[in-house]
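One structure is given below, encoded as structure tokens.
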Number of protein chains: 4
Amino acid sequence: MNKMRNIRKGTGESRRGKETILLILNSAKTILIEQGYSKLSMRKVAVGAEISVGNLQYYYPSKNDLLKDLLDHSIDEFMNEFERLRVGVNNDPELHLRSIINFIVLDLGNPTTTTFYPELWALANHDEYADKLMDQIYARVRLPLEDCITRINPKLSVEQVKKVALFISASMEGMTMFVGNGKVWNDSIKQMANIAIMSFLQMVKKITPEDIDKVL
Amino acid sequence: MNKMRNIRKGTGESRRGKETILLILNSAKTILIEQGYSKLSMRKVAVGAEISVGNLQYYYPSKNDLLKDLLDHSIDEFMNEFERLRVGVNNDPELHLRSIINFIVLDLGNPTTTTFYPELWALANHDEYADKLMDQIYARVRLPLEDCITRINPKLSVEQVKKVALFISASMEGMTMFVGNGKVWNDSIKQMANIAIMSFLQMVKKITPEDIDKVL
Amino acid sequence: MNKMRNIRKGTGESRRGKETILLILNSAKTILIEQGYSKLSMRKVAVGAEISVGNLQYYYPSKNDLLKDLLDHSIDEFMNEFERLRVGVNNDPELHLRSIINFIVLDLGNPTTTTFYPELWALANHDEYADKLMDQIYARVRLPLEDCITRINPKLSVEQVKKVALFISASMEGMTMFVGNGKVWNDSIKQMANIAIMSFLQMVKKITPEDIDKVL
Amino acid sequence: MNKMRNIRKGTGESRRGKETILLILNSAKTILIEQGYSKLSMRKVAVGAEISVGNLQYYYPSKNDLLKDLLDHSIDEFMNEFERLRVGVNNDPELHLRSIINFIVLDLGNPTTTTFYPELWALANHDEYADKLMDQIYARVRLPLEDCITRINPKLSVEQVKKVALFISASMEGMTMFVGNGKVWNDSIKQMANIAIMSFLQMVKKITPEDIDKVL
DNA sequence: AATGAATGAGCGTTCATTCAT
DNA sequence: TATGAATGAACGCTCATTCAT
């Protein structure tokens, strides 16, 4: 079965077809990253993939179909790497938390990450599919975080753990626009990772249920 | 002198002209927020402002000119409110820090903020003006943060204070896509503010120069 | 006020604009008649009117808007001539009926009529606007027929008169595809008019309410 | 030999091939009737026949080839039924004329007839094949009409009989757009048949060579 | 200060057709 | 017989921009 989900049925099943799909997705990704979603057009994707517009639309009948596969494809690369982290870390939750934070913050330096994610966030405000996708991928990112937090600070309820994980994950995402590749503060990415690790670790250890749920 | 900087020279100086400019900017902002930058067009702005395309282009000869004023105009509203915070807070740096964090996190619930800022971040990756504007506004946001941090933790160098302020500011921005208006976690916005205050205050107090600059 | 009803608001109000609209409608009509509706495209209309596609779409935002005005415009020419018949005929209903039949049958020889009406009929089966338009124009054609029939044969009820008028009108339309301009039987158009006059006049005089409504 | 004339040579000779051709023709006919000729495309036909575009083009190398067979196929159904009329009617020419008129007028209520024939007429104005086909089928329809007329009114010349038959046939076709299936006057179809029979029978009996050929 | 008219490029999409398998 | 892959042209339409009035 074909992994790509939004192509026309009965398409991309021959070896040649699969190669063409990869050419298309890579072309689309390059344009999205270099020029932004507002400049992404079927014509440009076709030129980038060195195929005709007609052939592009043979695989992706509508631009939206292409966008869906593009988002899936772009995110898969990150998720595959991220979920390899889980493996190969010993049982120490603090160490695991450190390694996750370190991985995510340093990944922000990746030029693809720097430009792709802000496009995704903006898109999610206007496109249902992008919105659902975001929910899914960040839920998967928070899973190991929640596991670490629960083990480091067992006094927190399940709901509270989820909120702390969300806070940590969201905080790191926020750095994208400032320390990402080509950004003014890109040189400080290591220090940001240091501050993040120190800050989040301290917080996870010390925070109490009351700290989270108090009403002022 | 006219406050708007990117309109045609000698334009928007009469009362009627100023009203038209406001109609234009509000129309543009509505479209940017409701439909995203990729759907923003001169035609739609003109329709929204109930003027002709020709007249719109009398004020803003090019779409880029309009975009510039749109960004300025949209950000001014936030900055005006933000800088009013400074006034009316007594001399306690910790209290001031708390109030800044609280203000920014709770502001994320604002629907305009939720959708406008991701558009700005995405834009900044491809548009020089948006990029510079981001630098300027976030530098202004960090100023009071840096002041508080210096006074709470005097051992930090000027550079280190800047990085801590950046970390705090960036962290809070990262919550936009998760706890903003209409987002899945919007109900948890108060708890996010609590975690943020607890987390950042603790960190600012405890962090050492070595924590920030150590190399692993 | 502008006579054309389906153009963009605030358009076609200057003398130049009105001239352009006429160029457009004439171009569209020529294409419809020479090549048929399936070959009618905005591009071809623009070429025929010697304007840009953009300008064409400035006047007619959608192809459907153009089609509507095209149908209105094309029919107006016939209706104007047809309704001039009413005037200048003395009070004799038989004479009036003869002149109507004669006019309509001979008009079928008009090359525009020959090709335009079959397109309209086909269109009416798939396009609501064309369907309604057909109803309206043929109702207007039947009005004077109904008047003559009532006066020639007063025994018929209002409903029966309507049906006889419909029969006569429909019968004449049916000749379009056979005796119209360029058709095999075009040379027989005069004889067709003779047969029609003799046949319909005889029938209107002799037909009884029972002839029409009997059930076999 | 294969009955279909416009398919690729050596094609449609196996049982499977014949079934596929029927699927194709039925799909094409459905589209022609439901959406009109302007919406008829090879793609839609292939989808409707549940085969690939490539396979469709194996049978019909060009759209025009398909159109030809489509017209032949669609008309055959009517002609088969029509020519069955001849059989089973006794020798009375007046009775035969009545039954022909009745059959044709009532057939207009058939939804296929209602929409198919106007498409054919419009097509005949721009397509040579459709034009020739029309000539052929209506000549076949007029044959029994001419036979009846000659026997009812022997004073008419051969040419005059042909014109009277044409008049009758054309008149009935004209009702398609008004009393056909789904049309406003569909309920009056029986009365239309009555008026037609009364009108045409009277005319055939009474009309003189001078009525037809007089010049005014 | 404002409108209407016009252009030309580009958009997403559909299409008939060709061809290798 | 039948499919999947590919092309190139055309489609309806939107767009930023220019210009005369």
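Ligands are numbered from 1 in the order shown, chains are lettered A, B, ... in the order of the structure tokens, and residues start at 1 in each chain.
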
For the contact check between chain B and chain C, emit one row per residue of chain B within 12 Å, containing the shortest atom pair and the distance in Å rounded to one decimal, counting only C-alpha atoms, chain then rising number order, as a tab-separated table.
```
residue	atom	partner	partner_atom	distance
B:Ile51	CA	C:Gly10	CA	11.7
B:Ser52	CA	C:Gly10	CA	9.9
B:Val53	CA	C:Tyr58	CA	11.9
```

Would you mind exporting the chosen residues as an mmCIF file, in the first residue's frame, restricted to C-alpha atoms?
```cif
data_model
loop_
_atom_site.group_PDB
_atom_site.id
_atom_site.type_symbol
_atom_site.label_atom_id
_atom_site.label_comp_id
_atom_site.auth_asym_id
_atom_site.auth_seq_id
_atom_site.Cartn_x
_atom_site.Cartn_y
_atom_site.Cartn_z
ATOM 1 C CA ILE B 51 -13.825 51.845 -1.306
ATOM 2 C CA SER B 52 -12.647 51.246 -4.857
ATOM 3 C CA VAL B 53 -9.432 49.436 -5.658
#
```

For this session: Tell me the residues of chain B close to chain E, meaning within 8 Å using only C-alpha atoms (C1' of nucleotides), as number ranges by chain.
Result: B: 17, 52, 54-55

Those residues you just picked out, can you put them in a file as a short mmCIF file (atom, residue, chain, number, x, y, z; two decimals), in the first residue's frame with N, CA and C atoms?
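Full text of out23.cif as output:
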```
data_model
loop_
_atom_site.label_atom_id
_atom_site.label_comp_id
_atom_site.auth_asym_id
_atom_site.auth_seq_id
_atom_site.Cartn_x
_atom_site.Cartn_y
_atom_site.Cartn_z
N GLY B 17 -9.26 61.81 4.66
CA GLY B 17 -8.21 60.87 4.30
C GLY B 17 -7.82 59.98 5.45
N SER B 52 -13.06 51.88 -3.61
CA SER B 52 -12.65 51.25 -4.86
C SER B 52 -11.18 50.84 -4.78
N GLY B 54 -9.00 51.44 -6.94
CA GLY B 54 -8.24 52.62 -7.33
C GLY B 54 -7.95 53.53 -6.17
N ASN B 55 -8.95 53.73 -5.35
CA ASN B 55 -8.75 54.63 -4.20
C ASN B 55 -7.81 54.00 -3.18
#
```

Exercise. Given a cut-off of 12 Å, which residues of chain F touch chain A, counting only C-alpha atoms (C1' of nucleotides), written out as a PyMOL selection string?
Worked result: chain F and resi 3-10

Near C:Gln136, counting only C-alpha atoms (C1' of nucleotides), which residues have an atom at most 12 Å away, once you skip same-chain residues fewer than 6 positions from it, shown as a compact mmCIF listing (two decimals) with N, CA and C atoms, in the first residue's frame?
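As a result, result.txt now contains:
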```txt
# COMPACT_ATOMS: atom_id res chain seq x y z
N ASP C 72 -30.19 37.76 -22.58
CA ASP C 72 -31.08 38.92 -22.58
C ASP C 72 -30.90 39.74 -23.85
N ILE C 75 -32.06 38.09 -27.14
CA ILE C 75 -33.51 37.95 -27.25
C ILE C 75 -34.18 39.30 -27.46
N ASP C 76 -33.61 40.31 -26.81
CA ASP C 76 -34.21 41.65 -26.93
C ASP C 76 -34.40 42.05 -28.39
N MET C 79 -37.50 40.32 -29.67
CA MET C 79 -38.72 40.78 -29.02
C MET C 79 -39.09 42.20 -29.46
N TYR C 129 -31.42 29.84 -15.35
CA TYR C 129 -31.70 31.16 -15.90
C TYR C 129 -32.24 31.08 -17.32
N ALA C 130 -31.60 30.23 -18.14
CA ALA C 130 -32.08 30.07 -19.52
C ALA C 130 -33.50 29.53 -19.53
N ARG C 142 -46.84 34.33 -26.91
CA ARG C 142 -48.18 33.74 -26.96
C ARG C 142 -49.28 34.75 -26.67
N LEU C 143 -48.95 35.82 -25.97
CA LEU C 143 -49.98 36.81 -25.61
C LEU C 143 -50.83 37.25 -26.80
N VAL D 184 -42.93 23.11 -18.01
CA VAL D 184 -44.09 23.77 -17.42
C VAL D 184 -45.41 23.16 -17.91
```

What lies within 9 Å of stretch 38-43 of chain B using only C-alpha atoms (C1' of nucleotides), ignoring chain neighbours under 6 positions off, as an mmCIF file with C-alpha atoms (C1' of nucleotides), in the first residue's frame?
```
data_model
loop_
_atom_site.group_PDB
_atom_site.id
_atom_site.type_symbol
_atom_site.label_atom_id
_atom_site.label_comp_id
_atom_site.auth_asym_id
_atom_site.auth_seq_id
_atom_site.Cartn_x
_atom_site.Cartn_y
_atom_site.Cartn_z
ATOM 1 C CA TYR A 37 2.799 29.290 2.036
ATOM 2 C CA SER A 38 1.473 32.398 0.314
ATOM 3 C CA LYS A 39 3.935 31.832 -2.525
ATOM 4 C CA ALA B 28 -6.791 44.558 6.090
ATOM 5 C CA ILE B 31 -8.756 39.741 6.578
ATOM 6 C CA LEU B 32 -5.276 38.905 7.851
ATOM 7 C CA SER B 52 -12.647 51.246 -4.857
ATOM 8 C CA VAL B 53 -9.432 49.436 -5.658
ATOM 9 C CA LEU B 56 -7.018 52.031 -2.049
ATOM 10 C CA GLN B 57 -4.050 52.253 -4.359
ATOM 11 C CA SER B 62 1.692 48.780 -3.612
ATOM 12 C CA LYS B 63 0.531 45.853 -1.534
ATOM 13 C CA LEU B 66 -0.066 48.451 2.866
ATOM 14 C "C1'" DT F 14 -8.002 36.574 -9.103
ATOM 15 C "C1'" DC F 15 -4.515 39.532 -8.706
ATOM 16 C "C1'" DA F 16 -1.294 43.803 -8.361
#
```

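Using only C-alpha atoms (C1' of nucleotides), the residues found no farther than 10 Å from B:Tyr117, other than those of its own chain fewer than 5 positions away, are Pro118, Trp121 and Ala122 of chain A; Ile33, Ser74, Ile75, Leu108, Thr112, Ala122, Leu123, Met134, Glu173, Thr176 and Met177 of chain B.
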
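Straight-line separation from atom CA of D:Ser188 to atom CA of D:Thr113: 16.8 Å.
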
Just the residues within 9 Å of C:Gly109, please, counting only C-alpha atoms (C1' of nucleotides), with nothing from its chain fewer than 5 positions along; format it as a tab-separated table (two decimals) with C-alpha atoms, in the first residue's frame.
```
chain	number	residue	atom	x	y	z
C	114	THR	CA	-31.59	29.40	-36.71
C	176	THR	CA	-36.21	26.08	-36.89
C	179	VAL	CA	-36.18	25.28	-42.65
C	180	GLY	CA	-33.78	27.66	-40.89
C	181	ASN	CA	-30.92	29.37	-42.63
C	182	GLY	CA	-28.52	26.91	-44.22
C	186	ASN	CA	-34.58	26.43	-46.32
C	189	ILE	CA	-39.76	28.40	-45.99
```

For this session: Once DSSP has gone over the backbone, tell me which residues of stretch 2-150 of chain B are in helix (DSSP H, G or I), as a PyMOL selection string.
Result: chain B and resi 15-35+37-39+42-49+53-59+63-86+93-107+111-124+128-150

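Here atom CA of A:Ile24 is placed at a distance of 26.9 Å from atom CA of A:Arg84.
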